[in-house]
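Visitor: Before anything else, here's the structure in question.
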Amino acid sequence: MQFYHLKNKMPLKFHAKSYRLYSKKNTVFCSTNFTFLMSRIQANGYPIYFNEPGYEALNQLLSEAKYSSIFVLVDSQSDEYCLPNFLPYIATEIPIEIVAFESGESSKNIETCVQIWNVLTELGADRKSVIINLGGGVVTDLGGFVASTFKRGIDFIHVPTTLLAMVDASVGGKNGVDLGSLKNQIGVINVPKMVVVDSAYLETLPQNEMRSGLAEMLKHGLIFDKNYWEQFLDLKQLNTDDLDALIFRSIEIKNEIVMQDPTENGIRKALNFGHTLGHAIESYFLESEHKKTLLHGEAIAVGMILESYLSWHKGWISEADFTQIKNTISGIFDNVIFEDRDIDPILNLLIHDKKNEYGTIQFALIEAIGKIKINQTAEKEMIMDAFSFYRS
């Protein structure tokens, strides 16, 4: 087995033997004993498997597809913490190569893709090779794009290792990279051969990464399933079996939406709730030297509060519902500090949002908890009011 690093490894700053998902004061999940066994979910052209049965299906696919070579793509985090647990599950005589790159959103660009394409070429990858993307959302987004474009497309498999990648990035067929600080501007919609969701990898995550994934789960409740949303109102009552079930339902929700609209011409835009402003905030904090970079879920949490404010001021949700949304999200995520000089640059970034049509900024807003309105607009003054409210 040959090991390729595209960049020098940097020391990692964390390693947790068990994962913890915090509201600000209370530990919620703190066990590594997963007992809830889930069935598979059939997505649009590929299956999603859960926990150990997923590896059985993966090995069967590797055997039946008769791949010429297997490339496992990891970043520096999943290389260290997930790869040693993953490789013993793989039963194959096919040659395996490990390709690793530096972790973080700053690696999610065309330059990293070029390095990986060159490594694949040097190692003799052909049209019958397969890439297994083992990692978080950066790995699955970038790895899916690399596979979809190498030699006009080779097979790929997602094995997400973060909560965010499990419930969002690995499901739905979106693959791509950032253009500078602009999120996901370059990419394709192309589905993997399968997704294997193994919640045991969550043992490796620090609490901020767990919260980041939780943001997308909260979103799925707000746009689609009020009963699902209400399960998050008191996190202290949840245990690890609940977490597995919540992950399963979150993936079900996203998959149900994507199945109706694979190419995002209609209802799939619902999944962008919180993301119009959230992506602009994430991009701004990524490119600003005076700001600490936000995790995706941290930015989306702010975006959901802001866009819920827009929904409230348009008269679609009640003040009580808005207050519940704001308090629930604020009880999980730390407040993000915005200075006066930050707001206009963030608003200027909205013009690059992928949902925009004919120069008009498009929002997905909620008209009730569990019900979405797509293709909505908001005046700049109302958006400024939302930021003022958040800052207060």
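Order determines the names: the first chain of the structure tokens is A, the second B, and so forth; residues in each chain are numbered 1 upward, and ligands are numbered 1 upward as they are shown.
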At a cut-off of 9 Å, using only C-alpha atoms, what residues contact Ile281 (chain A)? Leave out same-chain residues fewer than 2 positions from it and give the result as a PDB file with N, CA and C atoms, in the first residue's frame.
Guide:
```pdb
ATOM      1  N   THR A 276     -28.302  31.255   2.265  1.00  0.00           N
ATOM      2  CA  THR A 276     -28.051  32.453   1.469  1.00  0.00           C
ATOM      3  C   THR A 276     -27.190  33.424   2.268  1.00  0.00           C
ATOM      4  N   LEU A 277     -27.638  33.777   3.459  1.00  0.00           N
ATOM      5  CA  LEU A 277     -26.842  34.635   4.335  1.00  0.00           C
ATOM      6  C   LEU A 277     -25.716  33.841   4.995  1.00  0.00           C
ATOM      7  N   GLY A 278     -25.971  32.571   5.318  1.00  0.00           N
ATOM      8  CA  GLY A 278     -24.962  31.765   5.992  1.00  0.00           C
ATOM      9  C   GLY A 278     -23.711  31.581   5.147  1.00  0.00           C
ATOM     10  N   HIS A 279     -23.870  31.301   3.845  1.00  0.00           N
ATOM     11  CA  HIS A 279     -22.704  31.145   2.971  1.00  0.00           C
ATOM     12  C   HIS A 279     -21.947  32.456   2.825  1.00  0.00           C
ATOM     13  N   SER A 283     -18.103  32.817   3.857  1.00  0.00           N
ATOM     14  CA  SER A 283     -17.089  33.290   2.912  1.00  0.00           C
ATOM     15  C   SER A 283     -16.364  34.512   3.453  1.00  0.00           C
ATOM     16  N   TYR A 284     -17.115  35.438   4.036  1.00  0.00           N
ATOM     17  CA  TYR A 284     -16.505  36.661   4.560  1.00  0.00           C
ATOM     18  C   TYR A 284     -15.531  36.340   5.691  1.00  0.00           C
ATOM     19  N   PHE A 285     -15.923  35.474   6.598  1.00  0.00           N
ATOM     20  CA  PHE A 285     -15.047  35.126   7.718  1.00  0.00           C
ATOM     21  C   PHE A 285     -13.832  34.319   7.231  1.00  0.00           C
ATOM     22  N   LEU A 286     -13.992  33.592   6.118  1.00  0.00           N
ATOM     23  CA  LEU A 286     -12.879  32.830   5.574  1.00  0.00           C
ATOM     24  C   LEU A 286     -11.818  33.740   4.977  1.00  0.00           C
ATOM     25  N   LEU A 294     -15.168  30.490  10.494  1.00  0.00           N
ATOM     26  CA  LEU A 294     -16.299  29.765  11.055  1.00  0.00           C
ATOM     27  C   LEU A 294     -16.432  28.402  10.400  1.00  0.00           C
ATOM     28  N   ALA A 299     -21.795  29.093  10.693  1.00  0.00           N
ATOM     29  CA  ALA A 299     -22.302  30.158   9.830  1.00  0.00           C
ATOM     30  C   ALA A 299     -23.766  29.934   9.469  1.00  0.00           C
ATOM     31  N   ILE A 300     -24.139  28.682   9.215  1.00  0.00           N
ATOM     32  CA  ILE A 300     -25.522  28.381   8.846  1.00  0.00           C
ATOM     33  C   ILE A 300     -26.452  28.615  10.025  1.00  0.00           C
ATOM     34  N   VAL A 302     -26.205  31.011  12.208  1.00  0.00           N
ATOM     35  CA  VAL A 302     -26.501  32.453  12.150  1.00  0.00           C
ATOM     36  C   VAL A 302     -27.465  32.723  11.002  1.00  0.00           C
ATOM     37  N   GLY A 303     -27.211  32.115   9.850  1.00  0.00           N
ATOM     38  CA  GLY A 303     -28.085  32.320   8.691  1.00  0.00           C
ATOM     39  C   GLY A 303     -29.519  31.915   8.963  1.00  0.00           C
ATOM     40  N   ILE A 346     -20.488  41.556   3.671  1.00  0.00           N
ATOM     41  CA  ILE A 346     -21.276  40.320   3.673  1.00  0.00           C
ATOM     42  C   ILE A 346     -22.421  40.436   2.679  1.00  0.00           C
ATOM     43  N   LEU A 347     -23.111  41.574   2.695  1.00  0.00           N
ATOM     44  CA  LEU A 347     -24.235  41.760   1.766  1.00  0.00           C
ATOM     45  C   LEU A 347     -23.754  41.780   0.320  1.00  0.00           C
ATOM     46  N   LEU A 349     -21.466  39.982  -0.881  1.00  0.00           N
ATOM     47  CA  LEU A 349     -21.202  38.603  -1.290  1.00  0.00           C
ATOM     48  C   LEU A 349     -22.476  37.872  -1.704  1.00  0.00           C
TER      49      LEU A 349
END
```
Visitor: So that I can check the surroundings of region 58-68 of chain A, please list as an NGL selection string every protein, DNA and RNA residue that reaches within 8 Å of it, counting only C-alpha atoms and ignoring chain neighbours fewer than 6 positions away.
Guide: :A and (90-92 or 94-95 or 126 or 128-130 or 194 or 196)
Visitor: Could you tell me how far CA of Gly297 (chain A) sits from CA of Leu142 (chain A), in Å to one decimal place?
Guide: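 Computing it gives 18.1 Å between the two atoms.
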Visitor: Within 10 Å of Trp312 (chain A), counting only C-alpha atoms, which residues qualify if same-chain residues fewer than 4 places away don't, as a VMD selection string?
Guide: chain A and resid 306 to 308 316 to 323 365 to 368
Visitor: Name the residues in contact with region 144-148 of chain A at a cut-off of 7 Å, using only C-alpha atoms, excluding same-chain residues fewer than 6 positions from it; report them as an NGL selection string.
Guide: :A and (113 or 131 or 154-156 or 175-176 or 187-188 or 190)
Visitor: Would you put the residues from that selection into a file with all heavy atoms, as a compact mmCIF listing (two decimals), in the first residue's frame?
Guide:
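Contents of the output file again04.txt:
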```txt
# COMPACT_ATOMS: atom_id res chain seq x y z
N CYS A 113 -7.38 19.80 -6.38
CA CYS A 113 -7.86 18.83 -7.39
C CYS A 113 -6.76 18.50 -8.38
O CYS A 113 -6.56 17.32 -8.74
CB CYS A 113 -9.07 19.39 -8.13
SG CYS A 113 -10.55 19.60 -7.11
N ILE A 131 -12.70 5.69 -6.42
CA ILE A 131 -12.23 6.52 -5.32
C ILE A 131 -13.21 6.38 -4.16
O ILE A 131 -14.42 6.54 -4.33
CB ILE A 131 -12.12 8.00 -5.73
CG1 ILE A 131 -11.04 8.17 -6.81
CG2 ILE A 131 -11.79 8.87 -4.51
CD1 ILE A 131 -10.90 9.59 -7.30
N ILE A 154 -14.99 8.63 -13.11
CA ILE A 154 -14.82 7.29 -12.59
C ILE A 154 -15.73 7.14 -11.37
O ILE A 154 -16.22 8.12 -10.81
CB ILE A 154 -13.35 6.98 -12.22
CG1 ILE A 154 -12.86 7.91 -11.10
CG2 ILE A 154 -12.46 7.08 -13.44
CD1 ILE A 154 -11.45 7.58 -10.60
N ASP A 155 -15.95 5.90 -10.94
CA ASP A 155 -16.84 5.64 -9.81
C ASP A 155 -16.25 6.19 -8.52
O ASP A 155 -15.02 6.25 -8.34
CB ASP A 155 -17.07 4.13 -9.64
CG ASP A 155 -17.98 3.56 -10.72
OD1 ASP A 155 -18.52 4.34 -11.52
OD2 ASP A 155 -18.14 2.32 -10.75
N PHE A 156 -17.14 6.57 -7.61
CA PHE A 156 -16.71 6.98 -6.28
C PHE A 156 -17.73 6.55 -5.24
O PHE A 156 -18.91 6.32 -5.55
CB PHE A 156 -16.43 8.49 -6.21
CG PHE A 156 -17.63 9.37 -6.45
CD1 PHE A 156 -18.36 9.90 -5.41
CD2 PHE A 156 -18.01 9.68 -7.75
CE1 PHE A 156 -19.46 10.73 -5.64
CE2 PHE A 156 -19.10 10.51 -8.00
CZ PHE A 156 -19.83 11.03 -6.93
N ASN A 175 -21.19 17.81 -5.83
CA ASN A 175 -19.74 17.70 -5.67
C ASN A 175 -19.12 18.97 -6.20
O ASN A 175 -19.55 19.49 -7.23
CB ASN A 175 -19.19 16.52 -6.48
CG ASN A 175 -20.00 15.25 -6.30
OD1 ASN A 175 -19.86 14.55 -5.32
ND2 ASN A 175 -20.88 14.96 -7.27
N GLY A 176 -18.11 19.49 -5.52
CA GLY A 176 -17.50 20.70 -6.04
C GLY A 176 -16.50 21.32 -5.10
O GLY A 176 -16.19 20.78 -4.03
N GLY A 187 -18.57 23.00 -9.72
CA GLY A 187 -18.93 21.64 -9.36
C GLY A 187 -19.88 20.98 -10.33
O GLY A 187 -20.25 21.56 -11.36
N VAL A 188 -20.29 19.78 -9.98
CA VAL A 188 -21.21 18.99 -10.79
C VAL A 188 -22.19 18.29 -9.85
O VAL A 188 -21.93 18.14 -8.65
CB VAL A 188 -20.46 17.92 -11.63
CG1 VAL A 188 -19.52 18.59 -12.62
CG2 VAL A 188 -19.71 16.95 -10.73
N ASN A 190 -23.50 14.67 -9.49
CA ASN A 190 -23.19 13.32 -9.94
C ASN A 190 -23.21 12.41 -8.72
O ASN A 190 -22.59 12.74 -7.70
CB ASN A 190 -21.82 13.29 -10.62
CG ASN A 190 -21.52 11.95 -11.26
OD1 ASN A 190 -22.41 11.26 -11.72
ND2 ASN A 190 -20.24 11.57 -11.26
```
Visitor: With distances taken over only C-alpha atoms, which residue among A:Asp340, A:Glu97, A:Asp334, A:Asp242 lies nearest Leu123 (chain A)?
Guide: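 Among the listed residues, A:Glu97 lies closest to Leu123 (chain A).
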Visitor: Can you list, as a PyMOL selection string, every residue of region 77-286 of chain A that DSSP puts in strand (DSSP E or B)?
Guide: chain A and resi 96-101+129-135+155-160+174-179+182-189+195-197
Visitor: Quick one: DSSP alpha helix (DSSP H) residues in region 301-373 of chain A, as a VMD selection string?
Guide: chain A and resid 301 to 313 319 to 330 340 to 349
Visitor: Rank A:Gln207, A:Ser181, A:Thr149, A:Ser311 by their smallest atom-to-atom distance to Ile372 (chain A), using only C-alpha atoms, and report the top residue only.
Guide: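 Ranking A:Gln207, A:Ser181, A:Thr149, A:Ser311 by distance to Ile372 (chain A), first place goes to A:Ser311.
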Visitor: For Ser388 (chain A), work out the shell of residues within 10 Å, counting only C-alpha atoms and skipping chain neighbours fewer than 3 positions away, then give it as a ChimeraX atom specification.
Guide: /A:306,338,340,343,382-385,391-392
Visitor: For the selection you just gave me, I'd like the residues written to a file as a PDB file, in the first residue's frame, keeping C-alpha atoms.
Guide:
```pdb
ATOM      1  CA  LEU A 306     -31.403  35.830  10.257  1.00  0.00           C
ATOM      2  CA  PHE A 338     -20.373  41.322  13.803  1.00  0.00           C
ATOM      3  CA  ASP A 340     -20.320  47.677  11.700  1.00  0.00           C
ATOM      4  CA  ILE A 343     -22.177  43.991   7.243  1.00  0.00           C
ATOM      5  CA  MET A 382     -34.985  44.197   6.113  1.00  0.00           C
ATOM      6  CA  ILE A 383     -31.727  42.225   5.915  1.00  0.00           C
ATOM      7  CA  MET A 384     -29.929  45.036   7.750  1.00  0.00           C
ATOM      8  CA  ASP A 385     -32.680  44.939  10.401  1.00  0.00           C
ATOM      9  CA  ARG A 391     -26.254  41.842  17.116  1.00  0.00           C
ATOM     10  CA  SER A 392     -28.511  43.121  19.878  1.00  0.00           C
TER      11      SER A 392
END
```
Visitor: Of the residues A:Asn118, A:Thr293, A:Asn109, A:Thr263, which is the one nearest to Asn44 (chain A), using only C-alpha atoms?
Guide: A:Thr263
Visitor: Using only C-alpha atoms, pick whichever of A:Glu105, A:Asp168, A:Asp198, A:Asp234 has the shortest atom-to-atom distance to His220 (chain A).
Guide: A:Asp168
Visitor: Which one is closest to Gly135 (chain A): A:Glu93, A:Glu339, A:Glu203, A:Asp79? Count only C-alpha atoms.
Guide: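 Of A:Glu93, A:Glu339, A:Glu203, A:Asp79, the one nearest Gly135 (chain A), counting only C-alpha atoms, is A:Asp79.
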Visitor: Out of A:Ser106, A:Asn227, A:Thr140, A:Gln237, which residue has the shortest atom-to-atom distance to Gly180 (chain A) when counting only C-alpha atoms?
Guide: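 For Gly180 (chain A), the nearest of the given residues is A:Ser106.
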Visitor: Using only C-alpha atoms, which protein or nucleic acid residues come within 12 Å of Ile361 (chain A)? Drop anything in the same chain fewer than 4 positions from it, and give the result as a list in words.
Guide: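 Once the adjacent positions are removed, what remains is Thr276, Leu277, Ala280, Leu347, Asn348, Leu349, Leu350, Ile351, His352, Asp353, Lys354, Lys355, Asn356, Glu357, Ile374, Asn375, Gln376, Thr377, Ala378, Glu379, Lys380 and Ile383 of chain A.
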Visitor: Please measure the separation of CA of Thr204 (chain A) and CA of Val159 (chain A), giving the value in Å to one decimal.
Guide: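 We find that CA of Thr204 (chain A) and CA of Val159 (chain A) lie 14.4 Å from each other.
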